[in-house]
Amino acid sequence: MLGYIQFADRLSGWFGKAFAWLILVMAIGVGYEVVARYGFNAPTSWAFDLSYITYGTLFMMGGAYTLSRGGHVRGDFLYRLWQPRTQAKVDLVLYILFFFPGVTALICAGWKYASRSWGYGEVSINSPAGIPIYQFKSVIVAAGILLFIQGIAQVFRCILAIRTNEWLAADEDVFETEDLLMREADKAERGNHP
């Protein structure tokens with residue numbers, strides 16, 4: 001189980017970090033559009049397509065990464081008060097009843113949606129540029145598969161938490177600025193007081 005969890009976390013982490021670069025592509029594209037439109041009165045026909053395609057791809061491909069790091073929003077007002085074993089039991093039931101059927105439906109519907117789009121070479125209807133978008137419809141399937149793989153790892157985490165009453169910590173590769181500042185302050189304080 002631990003080997004699979006590490007594999008899934010690394011896979012989700014790699015895809016999440018790789019697709020995070022789309023933020024830069026989107027920022028440059030939108031920045032160019034703003035300068036062209038308002039600075040030179042020469043709007044582009046592709047900027048809107050670029051922004052929604054890159055944002056949608058980033059959003060979809062970041063789902064498994066966010067799940068692997070425990071970053072999805074949840075209603076913690078009661079959940080956080082429970083023991084890890086109880087949390088894991090509830091999570092396990094919810095993964096089985098809702099997560100896997102939902103992700104399976106995403107993969108199946110996405111496959112149908114993407115294959116139709118590839119079949120007729122779909123292009124964007126939002127601009128006169130006619131940018132091909134069929135390849136981006138495949139992101140739905142890829143994101144669903146990554147979520148499914150990571151979901152299995154989360155189920156294994158639940159099983160381990162039920163056994164040990166302790167959650168297996170997720171990799172932390174992104175930290176809140178406040179947390180970093182608090183850690184630095186704690187280190188400095190410990191350094192001043194032997």
# chains A, B, ... in the order shown; residues from 1 in each chain; ligands from 1
call {"tool": "residues_around", "arguments": {"residues": "Met60 (chain A)", "least_positions_apart": "5", "cutoff": "8 Å", "atoms": "only C-alpha atoms", "output": "PyMOL selection string"}}
result
chain A and resi 139-140+143
call {"tool": "residues_around", "arguments": {"residues": "Val103 (chain A)", "least_positions_apart": "5", "cutoff": "10 Å", "atoms": "only C-alpha atoms", "output": "ChimeraX atom specification"}}
result
/A:98,108-109,141,143-148,151
call {"tool": "write_last_selection", "arguments": {"atoms": "N, CA, C and O atoms", "output": "tab-separated table (two decimals), in the first residue's frame"}}
result
chain	number	residue	atom	x	y	z
A	98	PHE	N	-19.36	8.07	-3.53
A	98	PHE	CA	-19.47	9.26	-4.36
A	98	PHE	C	-18.27	9.51	-5.27
A	98	PHE	O	-18.43	9.80	-6.45
A	108	CYS	N	-15.89	8.24	-18.43
A	108	CYS	CA	-16.74	7.70	-19.51
A	108	CYS	C	-17.36	8.81	-20.36
A	108	CYS	O	-17.32	8.75	-21.59
A	109	ALA	N	-17.92	9.82	-19.70
A	109	ALA	CA	-18.52	10.93	-20.44
A	109	ALA	C	-17.44	11.71	-21.18
A	109	ALA	O	-17.65	12.15	-22.32
A	141	VAL	N	-10.52	13.25	-19.94
A	141	VAL	CA	-10.24	11.83	-19.69
A	141	VAL	C	-8.95	11.68	-18.89
A	141	VAL	O	-8.90	10.92	-17.91
A	143	ALA	N	-7.51	13.79	-16.87
A	143	ALA	CA	-7.72	14.26	-15.50
A	143	ALA	C	-8.51	13.23	-14.69
A	143	ALA	O	-8.21	12.98	-13.52
A	144	GLY	N	-9.52	12.62	-15.31
A	144	GLY	CA	-10.29	11.59	-14.63
A	144	GLY	C	-9.45	10.38	-14.26
A	144	GLY	O	-9.57	9.84	-13.15
A	145	ILE	N	-8.60	9.96	-15.18
A	145	ILE	CA	-7.72	8.81	-14.90
A	145	ILE	C	-6.77	9.14	-13.75
A	145	ILE	O	-6.57	8.32	-12.84
A	146	LEU	N	-6.18	10.33	-13.78
A	146	LEU	CA	-5.29	10.73	-12.68
A	146	LEU	C	-6.03	10.79	-11.34
A	146	LEU	O	-5.50	10.37	-10.31
A	147	LEU	N	-7.25	11.31	-11.37
A	147	LEU	CA	-8.05	11.35	-10.14
A	147	LEU	C	-8.36	9.94	-9.64
A	147	LEU	O	-8.33	9.68	-8.43
A	148	PHE	N	-8.65	9.03	-10.55
A	148	PHE	CA	-8.94	7.65	-10.17
A	148	PHE	C	-7.73	7.01	-9.51
A	148	PHE	O	-7.84	6.36	-8.47
A	151	GLY	N	-7.27	8.55	-6.21
A	151	GLY	CA	-8.35	8.11	-5.32
A	151	GLY	C	-8.05	6.77	-4.68
A	151	GLY	O	-8.34	6.55	-3.50
call {"tool": "residues_around", "arguments": {"residues": "region 81-97 of chain A", "least_positions_apart": "6", "cutoff": "9 Å", "atoms": "only C-alpha atoms", "output": "CSV table (one decimal) with C-alpha atoms, in the first residue's frame"}}
result
chain,number,residue,atom,x,y,z
A,151,GLY,CA,-8.3,8.1,-5.3
A,152,ILE,CA,-7.1,4.6,-4.9
A,154,GLN,CA,-6.5,8.0,-0.8
A,155,VAL,CA,-8.4,4.8,0.0
A,157,ARG,CA,-4.5,6.1,3.2
A,158,CYS,CA,-7.9,5.6,4.8
A,159,ILE,CA,-7.2,1.9,5.4
A,160,LEU,CA,-3.9,2.7,7.1
A,161,ALA,CA,-5.5,5.4,9.2
A,162,ILE,CA,-8.2,3.0,10.3
A,163,ARG,CA,-5.5,0.5,11.3
A,164,THR,CA,-3.2,3.0,13.1
A,165,ASN,CA,-5.5,5.9,14.1
A,166,GLU,CA,-2.9,8.2,12.4
A,167,TRP,CA,-3.0,9.8,8.9
call {"tool": "select_by_dssp", "arguments": {"residues": "chain A", "states": "alpha helix (DSSP H)", "output": "ChimeraX atom specification"}}
result
/A:2-20,22-34,40,47-61,63-68,76-79,84-94,100-119,134-164,177-192
call {"tool": "residues_around", "arguments": {"residues": "region 110-124 of chain A", "least_positions_apart": "4", "cutoff": "9 Å", "atoms": "only C-alpha atoms", "output": "list of chain:residue names"}}
result
A:Asp49, A:Ala105, A:Leu106, A:Pro128, A:Ala129, A:Gly130, A:Ile131, A:Pro132, A:Ile133, A:Tyr134, A:Gln135, A:Phe136, A:Lys137, A:Ser138, A:Val139, A:Ile140, A:Val141, A:Ala142, A:Gly144
call {"tool": "atom_distance", "arguments": {"atom1": "CA of His72 (chain A)", "atom2": "CA of Tyr4 (chain A)"}}
result
20.9 Å
call {"tool": "atom_distance", "arguments": {"atom1": "CA of Tyr38 (chain A)", "atom2": "CA of Leu22 (chain A)"}}
result
23.8 Å
call {"tool": "residues_around", "arguments": {"residues": "Ser51 (chain A)", "least_positions_apart": "3", "cutoff": "12 Å", "atoms": "only C-alpha atoms", "output": "ChimeraX atom specification"}}
result
/A:22-33,45-48,54-59,126
call {"tool": "write_last_selection", "arguments": {"atoms": "N, CA, C and O atoms", "output": "compact mmCIF listing (two decimals), in the first residue's frame"}}
result
# COMPACT_ATOMS: atom_id res chain seq x y z
N LEU A 22 1.17 26.38 -17.03
CA LEU A 22 0.15 27.02 -17.86
C LEU A 22 -0.24 28.40 -17.31
O LEU A 22 -0.72 29.24 -18.06
N ILE A 23 -0.03 28.61 -16.02
CA ILE A 23 -0.30 29.93 -15.44
C ILE A 23 0.56 30.99 -16.15
O ILE A 23 0.08 32.06 -16.47
N LEU A 24 1.81 30.64 -16.37
CA LEU A 24 2.71 31.57 -17.04
C LEU A 24 2.26 31.83 -18.49
O LEU A 24 2.24 32.97 -18.94
N VAL A 25 1.89 30.76 -19.19
CA VAL A 25 1.41 30.89 -20.56
C VAL A 25 0.16 31.79 -20.59
O VAL A 25 0.05 32.70 -21.41
N MET A 26 -0.75 31.54 -19.66
CA MET A 26 -1.98 32.32 -19.61
C MET A 26 -1.68 33.78 -19.27
O MET A 26 -2.24 34.69 -19.89
N ALA A 27 -0.81 34.02 -18.31
CA ALA A 27 -0.49 35.40 -17.91
C ALA A 27 0.16 36.17 -19.06
O ALA A 27 -0.18 37.33 -19.30
N ILE A 28 1.07 35.53 -19.76
CA ILE A 28 1.72 36.19 -20.90
C ILE A 28 0.71 36.47 -22.01
O ILE A 28 0.68 37.57 -22.57
N GLY A 29 -0.12 35.49 -22.32
CA GLY A 29 -1.13 35.67 -23.36
C GLY A 29 -2.13 36.77 -23.03
O GLY A 29 -2.42 37.63 -23.87
N VAL A 30 -2.63 36.77 -21.80
CA VAL A 30 -3.60 37.80 -21.41
C VAL A 30 -2.91 39.15 -21.31
O VAL A 30 -3.48 40.18 -21.72
N GLY A 31 -1.68 39.17 -20.80
CA GLY A 31 -0.93 40.43 -20.74
C GLY A 31 -0.71 41.02 -22.13
O GLY A 31 -0.87 42.23 -22.34
N TYR A 32 -0.35 40.17 -23.06
CA TYR A 32 -0.17 40.62 -24.45
C TYR A 32 -1.48 41.20 -25.00
O TYR A 32 -1.48 42.24 -25.64
N GLU A 33 -2.57 40.51 -24.73
CA GLU A 33 -3.88 40.97 -25.21
C GLU A 33 -4.23 42.33 -24.63
O GLU A 33 -4.72 43.21 -25.34
N SER A 45 -7.62 37.83 -31.91
CA SER A 45 -8.78 36.95 -32.04
C SER A 45 -8.60 35.66 -31.24
O SER A 45 -9.52 34.86 -31.15
N TRP A 46 -7.44 35.47 -30.65
CA TRP A 46 -7.14 34.20 -29.99
C TRP A 46 -7.02 34.29 -28.48
O TRP A 46 -6.95 33.28 -27.79
N ALA A 47 -7.00 35.49 -27.90
CA ALA A 47 -6.71 35.65 -26.47
C ALA A 47 -7.76 34.99 -25.58
O ALA A 47 -7.42 34.34 -24.59
N PHE A 48 -9.03 35.15 -25.92
CA PHE A 48 -10.08 34.54 -25.10
C PHE A 48 -9.95 33.03 -25.11
O PHE A 48 -10.03 32.38 -24.07
N THR A 54 -6.28 27.34 -21.38
CA THR A 54 -5.20 27.12 -20.41
C THR A 54 -5.75 27.02 -19.00
O THR A 54 -5.32 26.17 -18.22
N TYR A 55 -6.72 27.87 -18.64
CA TYR A 55 -7.29 27.79 -17.30
C TYR A 55 -8.03 26.48 -17.09
O TYR A 55 -7.89 25.83 -16.06
N GLY A 56 -8.82 26.08 -18.06
CA GLY A 56 -9.55 24.81 -17.94
C GLY A 56 -8.62 23.62 -17.82
O GLY A 56 -8.85 22.71 -17.02
N THR A 57 -7.56 23.61 -18.61
CA THR A 57 -6.59 22.52 -18.56
C THR A 57 -5.88 22.51 -17.21
O THR A 57 -5.72 21.46 -16.59
N LEU A 58 -5.48 23.68 -16.74
CA LEU A 58 -4.83 23.78 -15.43
C LEU A 58 -5.76 23.29 -14.32
O LEU A 58 -5.35 22.52 -13.45
N PHE A 59 -6.99 23.71 -14.37
CA PHE A 59 -7.97 23.32 -13.36
C PHE A 59 -8.18 21.80 -13.35
O PHE A 59 -8.17 21.17 -12.29
N ASN A 126 -15.88 30.48 -30.06
CA ASN A 126 -15.86 31.72 -29.30
C ASN A 126 -15.08 32.85 -29.97
O ASN A 126 -15.08 33.96 -29.47
call {"tool": "atom_distance", "arguments": {"atom1": "CA of Thr104 (chain A)", "atom2": "CA of Phe19 (chain A)"}}
result
22.3 Å
call {"tool": "residues_around", "arguments": {"residues": "Phe7 (chain A)", "least_positions_apart": "5", "cutoff": "10 Å", "atoms": "only C-alpha atoms", "output": "list in words"}}
result
Met1, Leu2, Ser12, Gly13, Ile149, Gln150 and Ala153 of chain A
call {"tool": "write_last_selection", "arguments": {"atoms": "N, CA, C and O atoms", "output": "PDB file, in the first residue's frame"}}
result
ATOM      1  N   MET A   1       0.824  -1.203   0.000  1.00  0.00           N
ATOM      2  CA  MET A   1       0.000   0.000   0.000  1.00  0.00           C
ATOM      3  C   MET A   1       0.863   1.260   0.000  1.00  0.00           C
ATOM      4  O   MET A   1       0.559   2.213  -0.719  1.00  0.00           O
ATOM      5  N   LEU A   2       1.897   1.280   0.824  1.00  0.00           N
ATOM      6  CA  LEU A   2       2.757   2.460   0.887  1.00  0.00           C
ATOM      7  C   LEU A   2       3.427   2.753  -0.452  1.00  0.00           C
ATOM      8  O   LEU A   2       3.541   3.915  -0.857  1.00  0.00           O
ATOM      9  N   SER A  12       0.851  12.296  -9.412  1.00  0.00           N
ATOM     10  CA  SER A  12      -0.004  13.483  -9.303  1.00  0.00           C
ATOM     11  C   SER A  12       0.831  14.738  -9.140  1.00  0.00           C
ATOM     12  O   SER A  12       0.518  15.785  -9.723  1.00  0.00           O
ATOM     13  N   GLY A  13       1.907  14.643  -8.363  1.00  0.00           N
ATOM     14  CA  GLY A  13       2.788  15.784  -8.163  1.00  0.00           C
ATOM     15  C   GLY A  13       3.464  16.206  -9.453  1.00  0.00           C
ATOM     16  O   GLY A  13       3.552  17.407  -9.763  1.00  0.00           O
ATOM     17  N   ILE A 149      -6.557   7.192 -10.127  1.00  0.00           N
ATOM     18  CA  ILE A 149      -5.314   6.638  -9.574  1.00  0.00           C
ATOM     19  C   ILE A 149      -5.054   7.215  -8.187  1.00  0.00           C
ATOM     20  O   ILE A 149      -4.722   6.488  -7.245  1.00  0.00           O
ATOM     21  N   GLN A 150      -5.215   8.533  -8.045  1.00  0.00           N
ATOM     22  CA  GLN A 150      -4.983   9.165  -6.749  1.00  0.00           C
ATOM     23  C   GLN A 150      -6.057   8.770  -5.748  1.00  0.00           C
ATOM     24  O   GLN A 150      -5.772   8.637  -4.552  1.00  0.00           O
ATOM     25  N   ALA A 153      -5.083   5.682  -4.016  1.00  0.00           N
ATOM     26  CA  ALA A 153      -4.079   5.988  -2.985  1.00  0.00           C
ATOM     27  C   ALA A 153      -4.749   6.563  -1.742  1.00  0.00           C
ATOM     28  O   ALA A 153      -4.353   6.237  -0.609  1.00  0.00           O
TER      29      ALA A 153
END
